[in-house]
$ cat entry22.tsv   # TSV, C-alpha atoms
chain	number	residue	atom	x	y	z
B	1	MET	CA	-41.30	56.24	-42.78
B	2	MET	CA	-38.31	56.55	-45.12
B	3	ARG	CA	-40.32	55.49	-48.13
B	4	ILE	CA	-42.92	58.22	-47.69
B	5	ARG	CA	-40.11	60.66	-46.88
B	6	LEU	CA	-41.31	61.36	-43.34
B	7	ALA	CA	-37.83	60.34	-42.23
B	8	GLN	CA	-34.70	61.13	-44.22
B	9	PRO	CA	-31.86	59.82	-42.07
B	10	GLU	CA	-28.26	60.38	-43.09
B	11	CYS	CA	-27.32	57.02	-41.70
B	12	VAL	CA	-29.29	53.84	-41.05
B	13	ILE	CA	-28.04	51.09	-38.75
B	14	ASP	CA	-29.59	47.66	-39.15
B	15	ILE	CA	-30.37	46.33	-35.68
B	16	ASN	CA	-32.09	43.15	-36.87
B	17	ASP	CA	-29.12	41.05	-35.87
B	18	LEU	CA	-29.42	42.11	-32.21
B	19	THR	CA	-31.14	38.82	-31.51
B	20	ASP	CA	-30.42	39.08	-27.78
B	21	LEU	CA	-33.20	41.69	-27.71
B	22	ASP	CA	-35.66	39.11	-29.07
B	23	TYR	CA	-37.16	37.52	-25.96
B	24	ILE	CA	-40.23	37.23	-23.81
B	25	ARG	CA	-39.76	36.30	-20.17
B	26	VAL	CA	-41.12	36.80	-16.68
B	27	GLU	CA	-38.62	38.40	-14.36
B	28	GLY	CA	-39.08	39.95	-10.92
B	29	GLY	CA	-42.87	39.89	-11.18
B	30	GLU	CA	-42.81	41.61	-14.56
B	31	LEU	CA	-43.55	40.48	-18.10
B	32	CYS	CA	-40.48	41.53	-20.08
B	33	ILE	CA	-40.55	41.82	-23.86
B	34	GLY	CA	-37.33	42.60	-25.72
B	35	ALA	CA	-37.52	45.46	-28.20
B	36	MET	CA	-36.57	43.26	-31.17
B	37	THR	CA	-39.31	40.73	-30.49
B	38	ARG	CA	-41.42	40.31	-33.62
B	39	HIS	CA	-45.17	40.87	-33.47
B	40	ALA	CA	-45.71	37.27	-34.58
B	41	THR	CA	-43.68	36.03	-31.61
B	42	VAL	CA	-45.79	38.04	-29.15
B	43	LEU	CA	-48.96	36.70	-30.74
B	44	GLU	CA	-47.75	33.11	-30.41
B	45	SER	CA	-46.45	33.47	-26.85
B	46	PRO	CA	-48.43	31.52	-24.21
B	47	VAL	CA	-46.70	33.50	-21.45
B	48	VAL	CA	-48.01	36.77	-22.86
B	49	GLY	CA	-51.51	35.30	-23.25
B	50	GLU	CA	-51.50	33.96	-19.72
B	51	HIS	CA	-50.84	37.35	-18.14
B	52	TYR	CA	-52.08	39.89	-20.66
B	53	ALA	CA	-54.64	38.82	-23.26
B	54	ILE	CA	-54.69	42.48	-24.32
B	55	PHE	CA	-51.40	41.92	-26.17
B	56	HIS	CA	-52.80	38.95	-28.08
B	57	ASP	CA	-56.03	40.79	-28.92
B	58	ALA	CA	-54.02	43.75	-30.23
B	59	GLU	CA	-51.38	41.76	-32.10
B	60	ARG	CA	-54.06	39.83	-33.96
B	61	LEU	CA	-55.25	43.21	-35.31
B	62	ILE	CA	-51.86	44.74	-36.08
B	63	ALA	CA	-51.00	44.86	-39.79
B	64	ASP	CA	-51.09	41.37	-41.36
B	65	PRO	CA	-49.20	38.07	-41.00
B	66	PRO	CA	-46.13	38.81	-43.20
B	67	VAL	CA	-45.75	42.27	-41.65
B	68	ARG	CA	-46.06	40.78	-38.16
B	69	ASN	CA	-43.24	38.39	-39.05
B	70	ARG	CA	-40.94	41.34	-39.57
B	71	GLY	CA	-42.22	44.24	-37.44
B	72	THR	CA	-40.99	44.53	-33.87
B	73	VAL	CA	-42.47	45.63	-30.57
B	74	GLY	CA	-39.76	48.25	-30.15
B	75	GLY	CA	-40.32	49.54	-33.65
B	76	SER	CA	-43.99	50.06	-32.94
B	77	PHE	CA	-43.36	52.08	-29.80
B	78	CYS	CA	-40.56	54.13	-31.35
B	79	GLN	CA	-42.33	55.00	-34.57
B	80	GLY	CA	-44.83	56.87	-32.42
B	81	ASP	CA	-47.66	56.75	-34.91
B	82	PRO	CA	-50.73	58.48	-33.42
B	83	ALA	CA	-52.75	55.38	-34.37
B	84	GLU	CA	-50.24	52.85	-32.99
B	85	ASP	CA	-51.92	49.91	-31.26
B	86	LEU	CA	-49.09	48.99	-28.90
B	87	ALA	CA	-48.93	52.59	-27.67
B	88	ALA	CA	-52.49	52.20	-26.41
B	89	VAL	CA	-51.69	48.78	-24.96
B	90	GLY	CA	-48.58	50.12	-23.22
B	91	SER	CA	-50.54	53.02	-21.75
B	92	ALA	CA	-53.43	50.79	-20.71
B	93	VAL	CA	-51.22	48.38	-18.77
B	94	ARG	CA	-48.87	51.15	-17.56
B	95	ALA	CA	-45.83	49.50	-19.06
B	96	ASP	CA	-42.34	50.76	-18.37
B	97	LEU	CA	-39.99	51.26	-21.30
B	98	VAL	CA	-36.31	50.57	-20.75
B	99	ILE	CA	-33.99	52.88	-22.66
B	100	ARG	CA	-30.26	52.35	-23.02
B	101	SER	CA	-27.34	54.37	-24.26
B	102	SER	CA	-23.60	54.33	-23.75
B	103	GLN	CA	-24.31	56.55	-20.71
B	104	GLY	CA	-26.46	53.97	-18.97
B	105	THR	CA	-30.04	52.82	-18.60
B	106	ARG	CA	-33.19	54.72	-17.78
B	107	THR	CA	-36.81	53.68	-17.50
B	108	VAL	CA	-39.71	55.78	-18.74
B	109	PRO	CA	-43.40	55.04	-18.16
B	110	ALA	CA	-45.21	54.26	-21.42
B	111	ARG	CA	-47.55	57.13	-20.61
B	112	GLU	CA	-44.62	59.55	-20.79
B	113	PHE	CA	-42.79	58.01	-23.75
B	114	HIS	CA	-44.62	59.74	-26.60
B	115	GLU	CA	-44.36	63.50	-26.86
B	116	GLY	CA	-46.51	63.89	-29.94
B	117	PRO	CA	-47.10	62.31	-33.34
B	118	TYR	CA	-43.89	60.49	-34.34
B	119	GLU	CA	-42.07	62.07	-31.40
B	120	THR	CA	-40.72	60.20	-28.40
B	121	VAL	CA	-38.45	61.02	-25.46
B	122	LEU	CA	-35.65	58.98	-27.06
B	123	GLY	CA	-32.44	60.96	-27.47
B	124	ASP	CA	-30.17	60.70	-30.50
B	125	ALA	CA	-27.85	58.08	-29.00
B	126	GLU	CA	-30.54	56.18	-27.11
B	127	MET	CA	-32.33	52.99	-27.90
B	128	LEU	CA	-35.45	51.32	-26.53
B	129	THR	CA	-34.41	47.86	-25.40
B	130	GLU	CA	-37.31	46.43	-23.38
B	131	VAL	CA	-40.97	46.74	-22.48
B	132	ARG	CA	-41.81	45.74	-18.92
B	133	VAL	CA	-45.30	45.20	-17.58
B	134	PRO	CA	-45.99	44.48	-13.91
B	135	ILE	CA	-47.86	41.20	-13.53
B	136	ARG	CA	-51.01	41.93	-11.55
B	137	PRO	CA	-52.48	38.82	-9.93
B	138	GLY	CA	-56.06	38.32	-11.06
B	139	ALA	CA	-55.89	40.97	-13.80
B	140	THR	CA	-57.82	40.38	-17.01
B	141	SER	CA	-57.55	42.50	-20.12
B	142	ALA	CA	-58.78	43.02	-23.68
B	143	TYR	CA	-58.26	45.11	-26.81
B	144	ASP	CA	-60.54	45.97	-29.70
B	145	LYS	CA	-60.18	48.04	-32.82
B	146	VAL	CA	-62.23	49.31	-35.73
B	147	LYS	CA	-60.38	49.50	-39.04
B	148	ARG	CA	-61.43	49.66	-42.66
B	149	LYS	CA	-59.55	46.55	-43.77
B	150	THR	CA	-56.84	44.13	-42.68
B	151	GLY	CA	-53.56	45.98	-42.45
B	152	ASP	CA	-55.13	49.39	-42.01
B	153	TRP	CA	-54.40	51.68	-39.11
B	154	ALA	CA	-57.16	52.00	-36.54
B	155	ALA	CA	-60.09	54.35	-37.06
B	156	ALA	CA	-60.16	53.98	-33.29
B	157	ALA	CA	-59.12	51.36	-30.78
B	158	ALA	CA	-59.24	50.80	-27.05
B	159	GLY	CA	-57.60	48.50	-24.55
B	160	ALA	CA	-58.08	47.89	-20.86
B	161	TYR	CA	-57.17	45.75	-17.90
B	162	LEU	CA	-59.16	45.23	-14.74
B	163	VAL	CA	-58.54	43.74	-11.33
B	164	ILE	CA	-61.81	42.95	-9.59
B	165	ARG	CA	-61.70	42.23	-5.87
B	166	ASP	CA	-64.80	41.47	-3.78
B	167	GLY	CA	-66.95	42.57	-6.69
B	168	LEU	CA	-65.31	45.99	-6.95
B	169	VAL	CA	-62.80	47.40	-9.39
B	170	ALA	CA	-59.53	47.39	-7.45
B	171	ASP	CA	-57.27	48.39	-10.33
B	172	VAL	CA	-57.90	49.52	-13.89
B	173	GLY	CA	-56.06	50.88	-16.91
B	174	ILE	CA	-57.62	52.19	-20.12
B	175	GLY	CA	-55.73	52.96	-23.33
B	176	LEU	CA	-56.98	54.60	-26.52
B	177	THR	CA	-55.38	55.08	-29.90
B	178	ALA	CA	-56.07	57.02	-33.10
B	179	VAL	CA	-58.43	59.39	-31.31
B	180	GLY	CA	-55.98	62.01	-30.04
B	181	ALA	CA	-56.18	61.04	-26.36
B	182	PRO	CA	-53.21	62.58	-24.51
B	183	HIS	CA	-50.65	59.87	-23.69
B	184	PHE	CA	-52.96	57.25	-25.27
B	185	CYS	CA	-54.94	56.89	-22.02
B	186	ALA	CA	-58.24	57.79	-20.36
B	187	GLU	CA	-57.40	58.74	-16.78
B	188	GLU	CA	-60.78	60.16	-15.77
B	189	ALA	CA	-62.53	56.98	-16.82
B	190	GLU	CA	-60.03	54.97	-14.78
B	191	ALA	CA	-60.50	57.14	-11.68
B	192	TYR	CA	-64.28	56.89	-12.04
B	193	LEU	CA	-64.30	53.09	-12.09
B	194	LEU	CA	-62.01	52.55	-9.10
B	195	GLY	CA	-63.91	51.15	-6.12
B	196	LYS	CA	-67.15	50.65	-8.06
B	197	PRO	CA	-68.75	47.37	-9.14
B	198	PRO	CA	-68.29	46.83	-12.92
B	199	THR	CA	-71.98	47.12	-13.76
B	200	ASP	CA	-73.22	48.01	-17.24
B	201	ASP	CA	-74.11	51.52	-16.03
B	202	HIS	CA	-70.65	52.12	-14.61
B	203	LEU	CA	-68.95	50.77	-17.73
B	204	ALA	CA	-71.17	53.00	-19.87
B	205	GLU	CA	-70.14	56.05	-17.84
B	206	ALA	CA	-66.48	54.99	-18.16
B	207	GLY	CA	-66.98	54.82	-21.94
B	208	ARG	CA	-68.45	58.31	-21.96
B	209	LEU	CA	-65.53	59.65	-19.90
B	210	ALA	CA	-63.04	57.90	-22.18
B	211	ALA	CA	-64.57	59.62	-25.20
B	212	GLN	CA	-64.16	62.91	-23.32
B	213	ALA	CA	-60.41	62.26	-23.15
B	214	ALA	CA	-60.37	61.87	-26.93
B	215	ASN	CA	-59.72	64.69	-29.35
B	216	PRO	CA	-59.92	63.04	-32.78
B	217	ARG	CA	-59.55	64.61	-36.19
B	218	ALA	CA	-61.78	63.93	-39.14
B	219	ASP	CA	-59.98	62.08	-41.92
B	220	GLN	CA	-60.59	59.35	-44.49
B	221	ARG	CA	-61.32	56.95	-41.62
B	222	GLY	CA	-64.31	58.96	-40.44
B	223	PRO	CA	-65.69	62.19	-38.99
B	224	VAL	CA	-65.07	63.38	-35.43
B	225	GLU	CA	-68.48	62.26	-34.13
B	226	TYR	CA	-67.91	58.73	-35.42
B	227	LYS	CA	-64.52	58.44	-33.74
B	228	LEU	CA	-65.88	59.77	-30.45
B	229	HIS	CA	-68.63	57.18	-30.65
B	230	LEU	CA	-66.01	54.49	-31.28
B	231	ALA	CA	-63.86	55.64	-28.34
B	232	ASN	CA	-66.90	55.32	-26.08
B	233	GLU	CA	-68.19	52.03	-27.49
B	234	LEU	CA	-64.80	50.30	-27.77
B	235	THR	CA	-63.89	51.30	-24.22
B	236	GLN	CA	-67.08	49.70	-22.98
B	237	ARG	CA	-66.46	46.58	-25.04
B	238	VAL	CA	-62.94	45.98	-23.75
B	239	LEU	CA	-64.01	46.63	-20.17
B	240	ARG	CA	-66.94	44.24	-20.59
B	241	ARG	CA	-64.68	41.60	-22.13
B	242	SER	CA	-62.24	41.98	-19.25
B	243	VAL	CA	-65.10	41.47	-16.79
B	244	GLU	CA	-66.23	38.38	-18.74
B	245	ARG	CA	-62.70	37.01	-18.77
B	246	ALA	CA	-62.47	37.51	-15.00
B	247	ALA	CA	-65.76	35.64	-14.59
B	248	GLY	CA	-64.50	32.87	-16.89
B	249	ARG	CA	-61.35	32.49	-14.84
B	250	SER	CA	-62.94	32.20	-11.36
W	251	MET	CA	-21.75	47.63	-50.45
W	252	GLN	CA	-21.14	43.91	-50.81
W	253	VAL	CA	-23.92	41.54	-49.77
W	254	THR	CA	-23.94	37.75	-49.64
W	255	ILE	CA	-27.35	36.16	-49.49
W	256	LYS	CA	-28.44	32.56	-49.83
W	257	VAL	CA	-31.23	32.61	-52.40
W	258	ASN	CA	-33.12	29.38	-53.04
W	259	GLY	CA	-30.19	27.43	-51.62
W	260	THR	CA	-27.50	29.15	-53.67
W	261	GLU	CA	-25.18	31.71	-52.12
W	262	VAL	CA	-24.96	34.88	-54.21
W	263	SER	CA	-22.70	37.89	-53.70
W	264	ARG	CA	-23.40	41.23	-55.32
W	265	GLU	CA	-22.34	44.84	-55.01
W	266	VAL	CA	-25.49	46.87	-54.26
W	267	GLU	CA	-26.57	50.35	-53.22
W	268	PRO	CA	-27.48	50.21	-49.50
W	269	ARG	CA	-30.93	51.62	-50.24
W	270	LEU	CA	-31.83	48.84	-52.71
W	271	LEU	CA	-35.04	47.06	-51.73
W	272	LEU	CA	-34.92	43.28	-51.53
W	273	VAL	CA	-37.66	42.92	-54.14
W	274	HIS	CA	-35.54	44.86	-56.67
W	275	PHE	CA	-32.45	42.86	-55.77
W	276	ILE	CA	-34.33	39.64	-56.44
W	277	ARG	CA	-35.90	40.83	-59.69
W	278	ASP	CA	-33.32	43.16	-61.23
W	279	HIS	CA	-30.01	41.85	-59.91
W	280	LEU	CA	-30.78	38.13	-59.84
W	281	GLY	CA	-33.30	38.05	-62.68
W	282	LEU	CA	-35.80	36.12	-60.58
W	283	THR	CA	-38.88	37.87	-61.88
W	284	GLY	CA	-41.34	35.41	-60.37
W	285	THR	CA	-41.52	37.67	-57.32
W	286	HIS	CA	-43.66	40.66	-58.26
W	287	TRP	CA	-43.36	44.30	-57.27
W	288	GLY	CA	-46.75	45.82	-56.53
W	289	CYS	CA	-47.78	48.60	-54.19
W	290	ASP	CA	-44.32	49.27	-52.75
W	291	THR	CA	-45.94	50.08	-49.36
W	292	SER	CA	-46.54	46.69	-47.69
W	293	GLN	CA	-50.22	46.68	-48.63
W	294	CYS	CA	-50.58	44.18	-51.47
W	295	GLY	CA	-48.24	41.30	-50.62
W	296	THR	CA	-47.40	40.21	-54.15
W	297	CYS	CA	-43.71	40.63	-53.20
W	298	VAL	CA	-43.89	38.06	-50.38
W	299	VAL	CA	-40.78	35.86	-50.14
W	300	TRP	CA	-39.39	33.90	-47.24
W	301	LEU	CA	-36.64	35.50	-45.18
W	302	ASP	CA	-35.04	32.99	-42.82
W	303	GLY	CA	-38.02	30.69	-43.27
W	304	LYS	CA	-40.81	33.21	-42.75
W	305	PRO	CA	-42.97	35.09	-45.25
W	306	VAL	CA	-42.11	38.80	-45.40
W	307	LYS	CA	-42.94	41.62	-47.77
W	308	SER	CA	-39.75	42.12	-49.75
W	309	CYS	CA	-40.67	45.69	-50.74
W	310	THR	CA	-40.13	46.61	-47.11
W	311	VAL	CA	-36.77	44.94	-46.57
W	312	LEU	CA	-33.55	46.69	-47.56
W	313	THR	CA	-31.18	44.33	-49.34
W	314	PRO	CA	-28.39	44.80	-46.76
W	315	MET	CA	-30.83	43.58	-44.10
W	316	ALA	CA	-30.81	40.21	-45.88
W	317	ASP	CA	-26.99	40.07	-45.95
W	318	GLY	CA	-25.96	36.79	-44.36
W	319	HIS	CA	-29.51	35.51	-44.36
W	320	GLU	CA	-31.60	33.10	-46.43
W	321	VAL	CA	-34.21	34.07	-48.97
W	322	ARG	CA	-36.65	31.73	-50.68
W	323	THR	CA	-38.65	32.82	-53.71
W	324	VAL	CA	-41.48	31.37	-55.73
W	325	GLU	CA	-38.96	29.87	-58.19
W	326	SER	CA	-37.97	27.37	-55.50
W	327	LEU	CA	-41.40	25.73	-55.37
W	328	GLU	CA	-40.80	23.66	-58.48
W	329	VAL	CA	-38.19	20.98	-57.83
W	330	ASP	CA	-36.59	18.90	-60.61
W	331	GLY	CA	-39.36	19.76	-63.02
W	332	LYS	CA	-42.06	18.76	-60.56
W	333	LEU	CA	-44.61	21.23	-59.28
W	334	ASP	CA	-45.25	21.93	-55.64
W	335	PRO	CA	-48.77	20.84	-54.64
W	336	VAL	CA	-49.52	24.53	-54.09
W	337	GLN	CA	-48.68	25.29	-57.72
W	338	GLN	CA	-50.70	22.29	-58.84
W	339	GLY	CA	-53.60	23.46	-56.66
W	340	PHE	CA	-53.59	26.90	-58.26
W	341	MET	CA	-53.80	25.19	-61.67
W	342	GLN	CA	-56.52	22.72	-60.65
W	343	GLU	CA	-58.75	25.23	-58.89
W	344	HIS	CA	-58.15	28.22	-61.18
W	345	GLY	CA	-56.42	30.05	-58.32
W	346	LEU	CA	-55.28	32.85	-60.60
W	347	GLN	CA	-56.70	35.10	-63.24
W	348	CYS	CA	-54.18	37.82	-64.07
W	349	GLY	CA	-51.52	36.11	-61.97
W	350	PHE	CA	-50.13	39.25	-60.39
W	351	CYS	CA	-50.72	38.24	-56.76
W	352	THR	CA	-49.92	34.58	-57.39
W	353	PRO	CA	-46.22	34.40	-56.33
W	354	GLY	CA	-46.94	36.01	-52.95
W	355	MET	CA	-50.06	33.94	-52.45
W	356	MET	CA	-48.21	30.71	-53.20
W	357	MET	CA	-45.29	31.51	-50.89
W	358	THR	CA	-47.67	32.26	-48.02
W	359	ALA	CA	-49.66	29.12	-48.83
W	360	ARG	CA	-46.52	26.96	-48.78
W	361	TRP	CA	-45.54	28.37	-45.39
W	362	LEU	CA	-49.04	27.84	-44.01
W	363	LEU	CA	-49.15	24.21	-45.15
W	364	ASP	CA	-45.69	23.56	-43.74
W	365	HIS	CA	-47.06	24.58	-40.33
W	366	ASP	CA	-50.66	23.32	-40.60
W	367	ASP	CA	-51.28	20.43	-42.99
W	368	ASP	CA	-55.07	20.69	-42.72
W	369	PRO	CA	-56.05	24.37	-42.42
W	370	ASP	CA	-59.73	25.27	-42.49
W	371	GLU	CA	-61.05	28.09	-44.64
W	372	ALA	CA	-60.86	30.68	-41.85
W	373	THR	CA	-57.21	29.80	-41.21
W	374	ILE	CA	-56.38	30.12	-44.90
W	375	ARG	CA	-58.16	33.46	-45.16
W	376	GLU	CA	-56.29	34.76	-42.11
W	377	ALA	CA	-52.97	33.58	-43.58
W	378	ILE	CA	-53.53	35.46	-46.86
W	379	SER	CA	-55.21	38.46	-45.23
W	380	GLY	CA	-52.22	40.68	-45.93
W	381	GLN	CA	-52.33	39.98	-49.64
W	382	LEU	CA	-54.57	41.48	-52.27
W	383	CYS	CA	-55.95	39.77	-55.37
W	384	ARG	CA	-56.91	42.55	-57.74
W	385	CYS	CA	-59.10	40.10	-59.67
W	386	THR	CA	-60.91	39.43	-56.36
W	387	GLY	CA	-60.41	35.72	-56.96
W	388	TYR	CA	-60.18	34.82	-53.29
W	389	GLU	CA	-62.67	31.95	-53.43
W	390	ASN	CA	-60.51	30.05	-55.88
W	391	ILE	CA	-57.28	30.92	-54.06
W	392	VAL	CA	-58.72	29.42	-50.88
W	393	ARG	CA	-59.83	26.34	-52.86
W	394	ALA	CA	-56.39	26.05	-54.44
W	395	ILE	CA	-54.71	26.02	-51.03
W	396	ARG	CA	-57.24	23.47	-49.78
W	397	TRP	CA	-56.48	21.35	-52.86
W	398	ALA	CA	-52.79	21.47	-52.01
W	399	ALA	CA	-53.52	20.39	-48.44
W	400	GLU	CA	-55.65	17.48	-49.62
W	401	HIS	CA	-53.11	16.30	-52.22
W	402	ALA	CA	-49.95	16.88	-50.19
W	403	GLY	CA	-48.70	13.32	-50.15
W	404	GLU	CA	-49.33	12.52	-53.80
W	405	GLU	CA	-46.89	12.19	-56.66
W	406	ARG	CA	-45.90	15.64	-57.88
W	407	ALA	CA	-47.00	16.58	-61.38
W	408	GLU	CA	-44.39	16.88	-64.11
W	409	HIS	CA	-43.83	20.36	-65.42
W	410	GLU	CA	-42.53	21.40	-68.83
W	411	PRO	CA	-39.51	23.59	-68.06
W	412	GLN	CA	-39.56	27.04	-69.66
W	413	ALA	CA	-37.06	27.93	-72.36
W	414	SER	CA	-35.40	30.58	-70.24
W	415	SER	CA	-34.03	29.05	-67.10
W	416	GLN	CA	-34.78	30.99	-63.93
W	417	GLU	CA	-32.14	29.51	-61.71
W	418	VAL	CA	-29.93	31.79	-59.69
W	419	GLN	CA	-26.50	32.29	-61.17
W	420	ALA	CA	-24.08	32.42	-58.27
$ encode --input "entry22.tsv" --output "structure tokens"
Amino acid sequence: MMRIRLAQPECVIDINDLTDLDYIRVEGGELCIGAMTRHATVLESPVVGEHYAIFHDAERLIADPPVRNRGTVGGSFCQGDPAEDLAAVGSAVRADLVIRSSQGTRTVPAREFHEGPYETVLGDAEMLTEVRVPIRPGATSAYDKVKRKTGDWAAAAAGAYLVIRDGLVADVGIGLTAVGAPHFCAEEAEAYLLGKPPTDDHLAEAGRLAAQAANPRADQRGPVEYKLHLANELTQRVLRRSVERAAGRS
Amino acid sequence: MQVTIKVNGTEVSREVEPRLLLVHFIRDHLGLTGTHWGCDTSQCGTCVVWLDGKPVKSCTVLTPMADGHEVRTVESLEVDGKLDPVQQGFMQEHGLQCGFCTPGMMMTARWLLDHDDDPDEATIREAISGQLCRCTGYENIVRAIRWAAEHAGEERAEHEPQASSQEVQA
């Protein structure tokens, strides 16, 4: 951001030595990831994989290995790139973001954290310290992304989690990135799926509704029609993979 | 500002501008020009060095962020005139053409082999996926890393030291 002059801060504080914000733990029924946790650590974490495969799927596709050694979870959320993968993951799983300042602590839903490209609700003296995701018994999840090459931002990407009970969708979250979906999510597609069996037809309709939530721009990664197609197709893929993972688990 | 960084086992202290990138500190202030400066935007990976034991792109680390930490560069691979098996592998399998990506490739390869002594081709390709070879010599780079894995336990080859020493002056 500084290198390409999108940010020209007067003062930069190095927070890399705040190692007490580098942790992954389960606490009070929530998966808690410290803001200074490196992407590589998330990718290697069995605890994360056990509860939310969506994080592992996404991390495997974020940047490249040396960048994942350095980049942090908090950095990804706070940069607020409109093609950020973890923003879509956070919205999909309805994470809560813990924000601290000298005035105290507040918690903001991931779906309300970003106010626009590179803009978040963080105030000047505030800092994101933790990402919390409720652990949902029986939930399965997945993430998929289309990009031009390793290290590239997404042309489009989607993530989802599902809880299937008695053959019906009891809980669902769908996140999208790089396609201009408000708050990185697809609420109509979620509402449509609730209470229905996850059949191919229903997943296809959810994909169509997810694409309706998207409002992509044509750029070097593709025209609008292509990105809408990806939003639809990738949503179906991650839902289908979540269903398969649920079947594999039972 | 004053920074103190352990580079290839030697502690060095220098006065630097806070905005100095680590790659420039290594090359211009320490004279360790084995590490290359390429795209400057974390795309190409020729600037890969180890920071606290992990490969990072040194064009995207400010020098003060390495203050109090440990850096390892490609110059550390050769020990007492003997080549690292990774270096030997790049020679044996023609793992370089122009040589521009080579320092980053070798540092990533060394890290990979330290953590997986028998990586398959897919694992090697994933490990170097953040690094570009502008000669497109990936086949031979993969073979070079496989060579290093297969010859890990063998006697290290002697190497003729260069006239200009590239050791860090503390």
$ residues_around --input "entry22.tsv" --residues "Ala246 in chain B" --least-positions-apart "4" --cutoff "9 Å" --atoms "all atoms listed in the file" --output "PyMOL selection string"
chain B and resi 138-141+162-164+241-242+250
$ closest_residue --input "entry22.tsv" --among "W:Lys256, W:Lys307, W:Arg396, W:Arg269" --to "Leu362 in chain W" --atoms "only C-alpha atoms"
W:Arg396
$ interface_residues --input "entry22.tsv" --of "chain B" --to "chain W" --cutoff "12 Å" --atoms "all atoms listed in the file" --output "JSON, numbers by chain"
{"B": [1, 2, 3, 4, 8, 9, 10, 11, 12, 13, 14, 15, 16, 17, 38, 40, 41, 60, 61, 62, 63, 64, 65, 66, 67, 68, 69, 70, 71, 149, 150, 151, 152, 153]}
$ residues_around --input "entry22.tsv" --residues "Glu405 in chain W" --least-positions-apart "4" --cutoff "10 Å" --atoms "all atoms listed in the file" --output "PyMOL selection string"
chain W and resi 332-335+401
$ residues_around --input "entry22.tsv" --residues "Leu18 in chain B" --least-positions-apart "4" --cutoff "10 Å" --atoms "all atoms listed in the file" --output "NGL selection string"
:B and (14 or 22 or 35-36)
$ atom_distance --input "entry22.tsv" --atom1 "CA of Pro182 in chain B" --atom2 "CA of Thr72 in chain B"
23.7 Å
$ residues_around --input "entry22.tsv" --residues "range 190-206 of chain B" --least-positions-apart "4" --cutoff "12 Å" --atoms "only C-alpha atoms" --output "number ranges by chain"
B: 91-93, 159-175, 185-186, 210-213, 229, 231-244, 246-247
$ atom_distance --input "entry22.tsv" --atom1 "CA of Asp81 in chain B" --atom2 "CA of Leu270 in chain W"
25.1 Å
$ atom_distance --input "entry22.tsv" --atom1 "CA of Pro134 in chain B" --atom2 "CA of Arg208 in chain B"
27.6 Å
$ residues_around --input "entry22.tsv" --residues "Leu280 in chain W" --least-positions-apart "4" --cutoff "12 Å" --atoms "all atoms listed in the file" --output "MDAnalysis selection string"
chainID W and resid 255:258 260:266 272:276 284:285 323 325 416:420
$ closest_residue --input "entry22.tsv" --among "B:Ala155, B:Val224, B:Leu122, B:Ala95" --to "Arg136 in chain B" --atoms "all atoms listed in the file"
B:Ala95
$ closest_residue --input "entry22.tsv" --among "B:Ala158, B:Val131, B:Ala178, B:Ile33" --to "Ala58 in chain B" --atoms "only C-alpha atoms"
B:Ala158
$ closest_residue --input "entry22.tsv" --among "B:Val121, B:Leu31, B:Ala7, B:Val146" --to "Pro109 in chain B" --atoms "all atoms listed in the file"
B:Val121
$ decode --input "entry22.tsv" --residues "range 147-156 of chain B" --atoms "N, CA and C atoms" --output "PDB file, in the first residue's frame"
ATOM      1  N   LYS B 147      -7.980 -17.399 -10.267  1.00  0.00           N
ATOM      2  CA  LYS B 147      -6.971 -16.352 -10.380  1.00  0.00           C
ATOM      3  C   LYS B 147      -6.100 -16.658 -11.581  1.00  0.00           C
ATOM      4  N   ARG B 148      -5.392 -15.652 -12.064  1.00  0.00           N
ATOM      5  CA  ARG B 148      -4.622 -15.830 -13.290  1.00  0.00           C
ATOM      6  C   ARG B 148      -3.348 -16.610 -13.027  1.00  0.00           C
ATOM      7  N   LYS B 149      -2.766 -16.435 -11.860  1.00  0.00           N
ATOM      8  CA  LYS B 149      -1.506 -17.106 -11.537  1.00  0.00           C
ATOM      9  C   LYS B 149      -1.348 -17.134 -10.025  1.00  0.00           C
ATOM     10  N   THR B 150      -0.415 -17.951  -9.541  1.00  0.00           N
ATOM     11  CA  THR B 150      -0.117 -17.955  -8.112  1.00  0.00           C
ATOM     12  C   THR B 150       0.266 -16.550  -7.670  1.00  0.00           C
ATOM     13  N   GLY B 151      -0.299 -16.123  -6.563  1.00  0.00           N
ATOM     14  CA  GLY B 151       0.054 -14.808  -6.038  1.00  0.00           C
ATOM     15  C   GLY B 151      -0.861 -13.702  -6.510  1.00  0.00           C
ATOM     16  N   ASP B 152      -1.686 -13.995  -7.516  1.00  0.00           N
ATOM     17  CA  ASP B 152      -2.568 -12.953  -8.027  1.00  0.00           C
ATOM     18  C   ASP B 152      -3.792 -12.814  -7.122  1.00  0.00           C
ATOM     19  N   TRP B 153      -4.391 -11.620  -7.168  1.00  0.00           N
ATOM     20  CA  TRP B 153      -5.681 -11.456  -6.520  1.00  0.00           C
ATOM     21  C   TRP B 153      -6.723 -12.252  -7.295  1.00  0.00           C
ATOM     22  N   ALA B 154      -7.847 -12.498  -6.634  1.00  0.00           N
ATOM     23  CA  ALA B 154      -8.903 -13.284  -7.260  1.00  0.00           C
ATOM     24  C   ALA B 154      -9.534 -12.527  -8.427  1.00  0.00           C
ATOM     25  N   ALA B 155      -9.847 -13.275  -9.504  1.00  0.00           N
ATOM     26  CA  ALA B 155     -10.785 -12.748 -10.508  1.00  0.00           C
ATOM     27  C   ALA B 155     -12.168 -12.807  -9.881  1.00  0.00           C
ATOM     28  N   ALA B 156     -12.379 -13.882  -9.134  1.00  0.00           N
ATOM     29  CA  ALA B 156     -13.574 -14.058  -8.309  1.00  0.00           C
ATOM     30  C   ALA B 156     -13.305 -15.216  -7.365  1.00  0.00           C
TER      31      ALA B 156
END
